[in-house]
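Participant: The following block contains the structure, expressed as structure tokens.
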Amino acid sequence: MKHPSLHPHRFFDPDPSVRRIAVELHDSVRDLPLVSPHGHVEARILATDEPFPDPTELVIIPDHYIFRMLYAQGVPLEALGVPTVDGTPVERDHRKIWQLFAANYHLFAGTPTGAWLAYELAELFGIEEPLAPVNALAVYDRMMELLQTKEFRPRALFEHFRIEVLATTDGPSDSLEHHRKLRESPLPGRVIPSFRPDAVVDLLRPTWRREVDALSAACGIEIDSYRDFIRAIEDRRAFFKSLGAVATDQGIESPATHRLSESEAESLFARALKGEATEEDNARFTAHMLMEMARMSVEDGLVMQIHAGALRNHNRHVFRRFGLDKGADIPVATEYTRSLRELLNEFGNHPRFTLVVFTLDESTYSRELAPLAGHYPAMKLGSPWWFHDSIQGMTRFREQVSETAGFYNTVGFTDDTRAFLSIPARHDLARRLDANFLAGLVARHIVGMGDALALARALAYDLAKRAYKL
Amino acid sequence: MKHPSLHPHRFFDPDPSVRRIAVELHDSVRDLPLVSPHGHVEARILATDEPFPDPTELVIIPDHYIFRMLYAQGVPLEALGVPTVDGTPVERDHRKIWQLFAANYHLFAGTPTGAWLAYELAELFGIEEPLAPVNALAVYDRMMELLQTKEFRPRALFEHFRIEVLATTDGPSDSLEHHRKLRESPLPGRVIPSFRPDAVVDLLRPTWRREVDALSAACGIEIDSYRDFIRAIEDRRAFFKSLGAVATDQGIESPATHRLSESEAESLFARALKGEATEEDNARFTAHMLMEMARMSVEDGLVMQIHAGALRNHNRHVFRRFGLDKGADIPVATEYTRSLRELLNEFGNHPRFTLVVFTLDESTYSRELAPLAGHYPAMKLGSPWWFHDSIQGMTRFREQVSETAGFYNTVGFTDDTRAFLSIPARHDLARRLDANFLAGLVARHIVGMGDALALARALAYDLAKRAYKL
Amino acid sequence: MKHPSLHPHRFFDPDPSVRRIAVELHDSVRDLPLVSPHGHVEARILATDEPFPDPTELVIIPDHYIFRMLYAQGVPLEALGVPTVDGTPVERDHRKIWQLFAANYHLFAGTPTGAWLAYELAELFGIEEPLAPVNALAVYDRMMELLQTKEFRPRALFEHFRIEVLATTDGPSDSLEHHRKLRESPLPGRVIPSFRPDAVVDLLRPTWRREVDALSAACGIEIDSYRDFIRAIEDRRAFFKSLGAVATDQGIESPATHRLSESEAESLFARALKGEATEEDNARFTAHMLMEMARMSVEDGLVMQIHAGALRNHNRHVFRRFGLDKGADIPVATEYTRSLRELLNEFGNHPRFTLVVFTLDESTYSRELAPLAGHYPAMKLGSPWWFHDSIQGMTRFREQVSETAGFYNTVGFTDDTRAFLSIPARHDLARRLDANFLAGLVARHIVGMGDALALARALAYDLAKRAYKL
């Protein structure tokens, strides 16, 4: 039995008139190259081109979308082989983990994770049946076999996927050695870094001081003051740009923006260096650094991205045992209208500046983000993010954003994935949903087919290239 | 003319391909027994088995869904026979009230109340025409006639409805005499109590002291201290459990959770006993009691339910004249991510603990509740509640929750009704909407028919039994 | 090529069974006269009956829906001829502006602005092709030609549009001279003023003192105290009422309501007169004035409207150069349940009082506004406003409001436009969407065709007349 999500008309509206148009629109974009201006694939994978170890290590262990769902149903993360930071032993038999995953595969019914998995297994590995306890080990073995072939090496897949640009996300002191290596043995598409300074902007991270030292070492600037710090950031941005970066990114709980005076910033930073920064200090510093990052973007032309509204490491038990990014980041209500006002007033009318905003709070789509992006020339809306990068989620985004912001104040699709193999699956889903959304507009005589074809291409390809200056 | 909502395909998508699948899925679950793990039907009705008095007393007077709609259009509650607590006389001619109701029946077009009513009138009383001024009294008389027959006695209807479990909601000092009686003359299904301590947790209720005394009397524990209070609560939980209870419930404005130190709790409780508790005290005590109720649930295995976000008795005029639960409870924006963090950090990873959360703030479905339930093993999402237990409301719930939390982190359908006769109508609506939602997934090739059949059954029956350990 | 939005079945669901019903419902209301109980067309236009100057001055320059979208894509407002308040010169060649507009016409694909424009161009000017660079000047010339004919004079169009009532929005000291003139040379429909006191209620407007003086002059009451101020307001309301006004309106950031004591109000007002009012003073005064406006409405019978939740003039650069209402008003999250409680407790049960609430925060539809309007006899829900007065936005409104508030606690459609020529386009869109929404209910057997026909008429015509006592 073939997995239902492999149907050629998957995700399209069942109404025949809509579906017919959706098919035509999708056909017009399905083979466009993939542009991935924001994500978390590691450059190392492509630079070293080592074979992927095994299905479990490839699909389950690094993917918090998958293991959080099993965890929510009572499966311990240890039993899934998720590595611990506190030394607790974890399951090492990857076939056993795969079997456990297969036994819980029904949990993903109706989820985007389920749809992506079905696509990966079928399109890459030729496995068209749904995963189940009875076929789990046979599937594992077949995948294992293929993963050892040349065609499944990362660089071969990169070419096979027809990726035109892949942006990674990198820490402020990252040497970008793998990006440098990739420039020496180029791929058929570009792999470029993005500058994400969170580790040195968040004054309260336990590792903050260490990260500042690493930043200092990376650029050879002694960081004894706020002024030094800013110089170091500027230096690193230039370095990232020299290796192809077109954008920065910041992950923040609140998008509040506010410029501190030079002397406030200095004394606040001095407190942080002494390890005396308070929560209030941290919030003020983040708000100030957003202003500074925008100022630098106006100067160096890097696109500024913000990802706002996740309360990180909600589950302290999971955080202590397993560390960061283990599925326990939970969204909070987020305010943009007042928060971004100072930044947009200072830079939002500037023709050289681009600010791409991502949210986890869908209630802000129609209330705040579409009106802001539908007014300020510098502001664009990022695509639905994380929990909302889903079949219904992407539909809600288009429905709630397009009428106020139009299509051209958005930036196309951003896959934002850590899972290299899921990139084509995610673009496939997004292109289908956008085709389907546009087909609905055509069928209701809201846009004509000519406009719809242009929009389908814009959403699948052009807008991302334009917004990120690629 | 037959009421449109009696059509065998009611509530299904008009697209023929979706409808066909919806019919098939619905057929597979329509005859499953009803499981009602949370509601407000009184055990007394079934224990005494007295005939229902008359249509007005059955349908209109106790149902705030109905009389609030007429009130909103200018019909005084007095004219509808709603009993007053301040002695104001009310209409006593129930036929006249029924006539007034019939004259306003059009107000319910497109509402779930209208759909439930149509089902009750047709399925129970054989009345298939819409209620209208011209047929009002004939309908009343026909219903009156039937209500006097053996088949319309509560116990006969309970059997006719094929209820497998019916949970009531009971105050902390309730003697549960009717539940005891029901154990002596059992029905074909279980009737079980649920422990709801709101009356003694809300320190600012005018009746608080009286309720604490009643609690003390009920368990024979002198309550002179917080410690005594906790012992009394634990004692009553054990008593409820001995009579079949599987769950507790709390109605709270804010779901904030925070453990007080023993000494803080004691001094706060002492202030309350002296009648000196402040609003701040009350909020802190509620947040603490949520922690304590969770702790007790881990110990005794009772499922913990919370219903958050209603501002009670918004309309003081209506409250003063008519008392509690008269349709003037209005939702407020509610925060869960930060609020539940302390509770979930302490108990949310515990395998013996189940927390079922109900909300009135739909903006939290995709932003907070689905991500939380899609991570914490203990947390499950309750079904759409109250204003949102409706055709579009239930659809929105599935659309906004399923992709992040999946289906298995929800608890199936909860009818939550005071109106015994509406139970089958509410389950009928829910089963149809879930069948229709799943049919949409099948028609768009997101899930296969096999999975959809399993999910339809899970949503209609299995998940409620599993979550509530029935 | 004809514009797609001119299709006779535009905006209807593509499902044939829904579409057939939608067509029938729409046919039953399409020719009803237009009732426009709230909007921003100037009475002057109709009183003087001067020809409209040219297409650019008619369509682009006054319409912030249009120029904000071009501004968001980097077109300077100066290039669009938007007049400045700081003396910066702007483009004066209106044909060139029209050409620039046509070159950006694709930005409006899928927006309500695009749909309205298509309707206006086709229905009024006979231009059925989409605007494009190639036809821009020919279209301009054709429009110019027609605008000089008798048929395109404002009064002729008013008759042609079959407007039954048109309410304008007027400042507190407005002489209403044009309204008086209109009473002397009456149109086939009524043109009535609405009283909007924002200019004298917002204590922090730079022009506040000047506006209070104008108010004083208008009614001949020396305003030296809060008491005088209230008398002046009451006097002006009576004057507006004498010229046909049926309603007041207030635009407020927060709908908080709270009555001050007489002495507090006096001392606060005294501070304002001395130019010493603080932000806190202003918030308290607004909350108090909402109570007073409600009190006056109970006395004089004028319907009270509030439009809440816009943060005005978000973009200070645009505000400084171009002034008020230039597309830089951005919504904020808005709270109604607690905010309106004091007002609704004092007046919400009063049979003579009507409060119509408009929101920009869609998350409050199902959470707060529908429950409030579904309970309080005085409160009604205004139609979707501004950013949400759109194809999807109006659908969301019905979906999220109707099941709790029913249809009869809403007030039909309010076009709320400044653009006289867009009135029929907006009613056409609204009538089609309501017909389509009702058709969906009929096709799913939720309401019958008889009820749907009555509801279609109510939403298109009756409810507005009833709510505004027209």
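In the structure tokens, each chain is lettered A, B, ... as it comes, each chain's residues begin at 1, and ligands are numbered from 1 in order of appearance.
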Write down, as a compact mmCIF listing (two decimals) with C-alpha atoms, in the first residue's frame, each residue of chain A that has any atom within 6 Å of an atom of chain C, counting only C-alpha atoms.
Facilitator:
```
# COMPACT_ATOMS: atom_id res chain seq x y z
CA ASN A 345 10.92 54.90 12.63
CA ARG A 367 -3.39 42.49 13.24
CA GLU A 368 0.18 43.74 13.21
CA GLY A 374 2.00 46.73 3.95
CA HIS A 375 3.33 50.15 4.89
CA TYR A 376 7.07 50.26 5.66
CA PRO A 377 9.27 49.86 2.59
CA GLU A 403 -5.21 40.88 1.59
CA ALA A 443 -11.53 29.69 -9.09
CA ARG A 444 -13.28 32.46 -7.18
CA HIS A 445 -12.38 34.97 -9.91
CA ILE A 446 -10.25 37.05 -7.60
CA VAL A 447 -7.09 36.82 -9.68
CA GLY A 448 -6.64 35.78 -13.28
```
Participant: Tell me, which residues of range 354-415 of chain B carry DSSP strand (DSSP E or B), written as a list in words?
Facilitator: Leu355, Val356, Val357, Phe358, Thr359, Met379, Lys380, Leu381 and Thr410 of chain B
Participant: Give me the residues near Leu243 in chain C as a ChimeraX atom specification, where near means some atom within 10 Å (using only C-alpha atoms) and where sequence neighbours in that chain fewer than 5 positions away do not count.
Facilitator: /C:176,179-180,183,191-194,237-238
Participant: One decimal, in Å: what's the spacing between CA of Lys241 in chain B and CA of Leu273 in chain B?
Facilitator: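 Separation between CA of Lys241 in chain B and CA of Leu273 in chain B: 28.0 Å.
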Participant: With a distance cut-off of 9 Å and only C-alpha atoms, select the neighbouring residues of Thr359 in chain A, excluding the residue or stretch itself and same-chain residues fewer than 4 positions from it, and output the selection as a compact mmCIF listing (two decimals) with all heavy atoms, in the first residue's frame.
Facilitator:
```
# COMPACT_ATOMS: atom_id res chain seq x y z
N ILE A 306 14.59 38.68 11.99
CA ILE A 306 14.35 38.36 13.39
C ILE A 306 13.31 37.25 13.51
O ILE A 306 12.33 37.21 12.76
CB ILE A 306 13.93 39.58 14.24
CG1 ILE A 306 12.66 40.23 13.74
CG2 ILE A 306 15.05 40.62 14.30
CD1 ILE A 306 12.20 41.37 14.62
N HIS A 307 13.58 36.35 14.43
CA HIS A 307 12.69 35.25 14.76
C HIS A 307 12.27 35.47 16.21
O HIS A 307 13.06 35.23 17.13
CB HIS A 307 13.42 33.92 14.60
CG HIS A 307 13.62 33.51 13.18
ND1 HIS A 307 14.67 33.95 12.41
CD2 HIS A 307 12.88 32.71 12.37
CE1 HIS A 307 14.58 33.43 11.19
NE2 HIS A 307 13.50 32.67 11.13
N ALA A 308 11.05 35.94 16.40
CA ALA A 308 10.65 36.37 17.73
C ALA A 308 9.61 35.44 18.35
O ALA A 308 8.84 34.80 17.64
CB ALA A 308 10.08 37.78 17.67
N GLY A 309 9.59 35.40 19.67
CA GLY A 309 8.46 34.83 20.38
C GLY A 309 8.56 33.42 20.91
O GLY A 309 7.55 32.85 21.31
N ALA A 310 9.79 32.83 20.92
CA ALA A 310 9.91 31.49 21.52
C ALA A 310 10.48 31.63 22.93
O ALA A 310 11.51 32.26 23.13
CB ALA A 310 10.83 30.62 20.68
N THR A 334 3.19 37.69 21.30
CA THR A 334 4.27 38.59 20.92
C THR A 334 3.66 39.88 20.36
O THR A 334 2.66 39.84 19.66
CB THR A 334 5.15 37.90 19.86
OG1 THR A 334 5.54 36.61 20.36
CG2 THR A 334 6.41 38.70 19.58
N THR A 364 -0.88 37.74 15.27
CA THR A 364 -0.28 39.00 14.80
C THR A 364 -0.23 39.11 13.28
O THR A 364 0.10 40.17 12.76
CB THR A 364 1.16 39.16 15.33
OG1 THR A 364 1.99 38.12 14.78
CG2 THR A 364 1.21 39.07 16.85
N TYR A 365 -0.54 38.04 12.56
CA TYR A 365 -0.48 38.08 11.10
C TYR A 365 -1.32 39.24 10.56
O TYR A 365 -0.83 40.10 9.84
CB TYR A 365 -1.03 36.79 10.48
CG TYR A 365 -0.14 35.58 10.50
CD1 TYR A 365 -0.70 34.31 10.26
CD2 TYR A 365 1.22 35.65 10.74
CE1 TYR A 365 0.09 33.17 10.24
CE2 TYR A 365 2.00 34.50 10.74
CZ TYR A 365 1.44 33.26 10.49
OH TYR A 365 2.20 32.13 10.47
N LEU A 369 1.47 42.34 11.70
CA LEU A 369 2.55 42.16 10.74
C LEU A 369 2.17 42.55 9.32
O LEU A 369 2.95 43.21 8.62
CB LEU A 369 3.06 40.72 10.82
CG LEU A 369 3.71 40.38 12.16
CD1 LEU A 369 4.09 38.91 12.22
CD2 LEU A 369 4.95 41.24 12.40
N LEU A 381 7.56 40.26 5.36
CA LEU A 381 7.14 39.17 6.23
C LEU A 381 7.81 37.87 5.85
O LEU A 381 7.70 37.42 4.70
CB LEU A 381 5.63 38.97 6.07
CG LEU A 381 4.84 39.31 7.30
CD1 LEU A 381 5.01 40.77 7.62
CD2 LEU A 381 3.40 38.98 7.10
N GLY A 382 8.44 37.25 6.84
CA GLY A 382 8.99 35.91 6.62
C GLY A 382 7.87 34.90 6.48
O GLY A 382 6.72 35.16 6.85
N SER A 383 8.20 33.74 5.95
CA SER A 383 7.17 32.71 5.74
C SER A 383 6.79 32.08 7.09
O SER A 383 7.45 32.30 8.09
CB SER A 383 7.68 31.67 4.75
OG SER A 383 8.81 31.01 5.27
N PRO A 384 5.68 31.31 7.11
CA PRO A 384 5.24 30.69 8.36
C PRO A 384 6.37 29.85 8.95
O PRO A 384 7.03 29.10 8.24
CB PRO A 384 4.07 29.81 7.93
CG PRO A 384 3.62 30.32 6.63
CD PRO A 384 4.80 30.95 5.98
N TRP A 385 6.55 29.95 10.23
CA TRP A 385 7.76 29.46 10.88
C TRP A 385 7.44 28.34 11.87
O TRP A 385 6.51 28.45 12.63
CB TRP A 385 8.42 30.64 11.59
CG TRP A 385 9.60 30.33 12.43
CD1 TRP A 385 10.58 29.41 12.21
CD2 TRP A 385 9.92 30.97 13.68
NE1 TRP A 385 11.51 29.46 13.23
CE2 TRP A 385 11.13 30.40 14.14
CE3 TRP A 385 9.32 31.99 14.43
CZ2 TRP A 385 11.73 30.80 15.34
CZ3 TRP A 385 9.92 32.39 15.62
CH2 TRP A 385 11.12 31.80 16.06
```
Participant: Suppose you want the space between CA of Ala460 in chain B and CA of Ile252 in chain B; what is it in Å?
Facilitator: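 Between these atoms lies a distance of 27.4 Å.
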Participant: Write out as number ranges by chain the residues lying within 7 Å of Gly81 in chain B, counting only C-alpha atoms and excluding same-chain residues fewer than 4 positions away.
Facilitator: B: 61, 77, 90-92
Participant: May I have the selected residues written with all heavy atoms, as a PDB file, in the first residue's frame?
Facilitator:
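The resulting result.pdb:
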```pdb
ATOM      1  N   ILE B  61     -35.413  27.195  30.650  1.00  0.00           N
ATOM      2  CA  ILE B  61     -35.053  27.832  31.926  1.00  0.00           C
ATOM      3  C   ILE B  61     -33.641  27.493  32.405  1.00  0.00           C
ATOM      4  O   ILE B  61     -32.935  28.376  32.883  1.00  0.00           O
ATOM      5  CB  ILE B  61     -36.139  27.518  32.995  1.00  0.00           C
ATOM      6  CG1 ILE B  61     -37.443  28.220  32.588  1.00  0.00           C
ATOM      7  CG2 ILE B  61     -35.690  27.955  34.386  1.00  0.00           C
ATOM      8  CD1 ILE B  61     -38.634  27.918  33.488  1.00  0.00           C
ATOM      9  N   LEU B  77     -35.040  38.372  31.152  1.00  0.00           N
ATOM     10  CA  LEU B  77     -34.932  37.012  31.685  1.00  0.00           C
ATOM     11  C   LEU B  77     -36.141  36.649  32.524  1.00  0.00           C
ATOM     12  O   LEU B  77     -36.539  35.484  32.594  1.00  0.00           O
ATOM     13  CB  LEU B  77     -33.646  36.874  32.510  1.00  0.00           C
ATOM     14  CG  LEU B  77     -32.331  37.032  31.726  1.00  0.00           C
ATOM     15  CD1 LEU B  77     -31.137  36.816  32.651  1.00  0.00           C
ATOM     16  CD2 LEU B  77     -32.270  36.063  30.556  1.00  0.00           C
ATOM     17  N   VAL B  90     -41.161  36.250  38.439  1.00  0.00           N
ATOM     18  CA  VAL B  90     -40.898  35.908  37.035  1.00  0.00           C
ATOM     19  C   VAL B  90     -42.125  35.227  36.435  1.00  0.00           C
ATOM     20  O   VAL B  90     -43.006  34.765  37.163  1.00  0.00           O
ATOM     21  CB  VAL B  90     -39.662  34.976  36.892  1.00  0.00           C
ATOM     22  CG1 VAL B  90     -38.436  35.602  37.543  1.00  0.00           C
ATOM     23  CG2 VAL B  90     -39.949  33.596  37.476  1.00  0.00           C
ATOM     24  N   GLU B  91     -42.124  35.183  35.127  1.00  0.00           N
ATOM     25  CA  GLU B  91     -43.234  34.554  34.408  1.00  0.00           C
ATOM     26  C   GLU B  91     -43.373  33.093  34.853  1.00  0.00           C
ATOM     27  O   GLU B  91     -42.397  32.359  34.912  1.00  0.00           O
ATOM     28  CB  GLU B  91     -42.942  34.627  32.892  1.00  0.00           C
ATOM     29  CG  GLU B  91     -44.007  33.998  32.023  1.00  0.00           C
ATOM     30  CD  GLU B  91     -45.363  34.652  32.225  1.00  0.00           C
ATOM     31  OE1 GLU B  91     -45.460  35.884  32.074  1.00  0.00           O
ATOM     32  OE2 GLU B  91     -46.325  33.934  32.597  1.00  0.00           O
ATOM     33  N   ARG B  92     -44.607  32.684  35.134  1.00  0.00           N
ATOM     34  CA  ARG B  92     -44.817  31.308  35.584  1.00  0.00           C
ATOM     35  C   ARG B  92     -45.594  30.464  34.560  1.00  0.00           C
ATOM     36  O   ARG B  92     -45.711  29.250  34.720  1.00  0.00           O
ATOM     37  CB  ARG B  92     -45.574  31.292  36.912  1.00  0.00           C
ATOM     38  CG  ARG B  92     -44.815  31.949  38.030  1.00  0.00           C
ATOM     39  CD  ARG B  92     -45.373  31.605  39.400  1.00  0.00           C
ATOM     40  NE  ARG B  92     -44.476  32.132  40.408  1.00  0.00           N
ATOM     41  CZ  ARG B  92     -43.345  31.545  40.784  1.00  0.00           C
ATOM     42  NH1 ARG B  92     -42.971  30.406  40.239  1.00  0.00           N
ATOM     43  NH2 ARG B  92     -42.566  32.101  41.709  1.00  0.00           N
TER      44      ARG B  92
END
```
Participant: What's the separation between CA of Phe353 in chain C and CA of Thr88 in chain B, in Å to one decimal place?
Facilitator: 23.4 Å
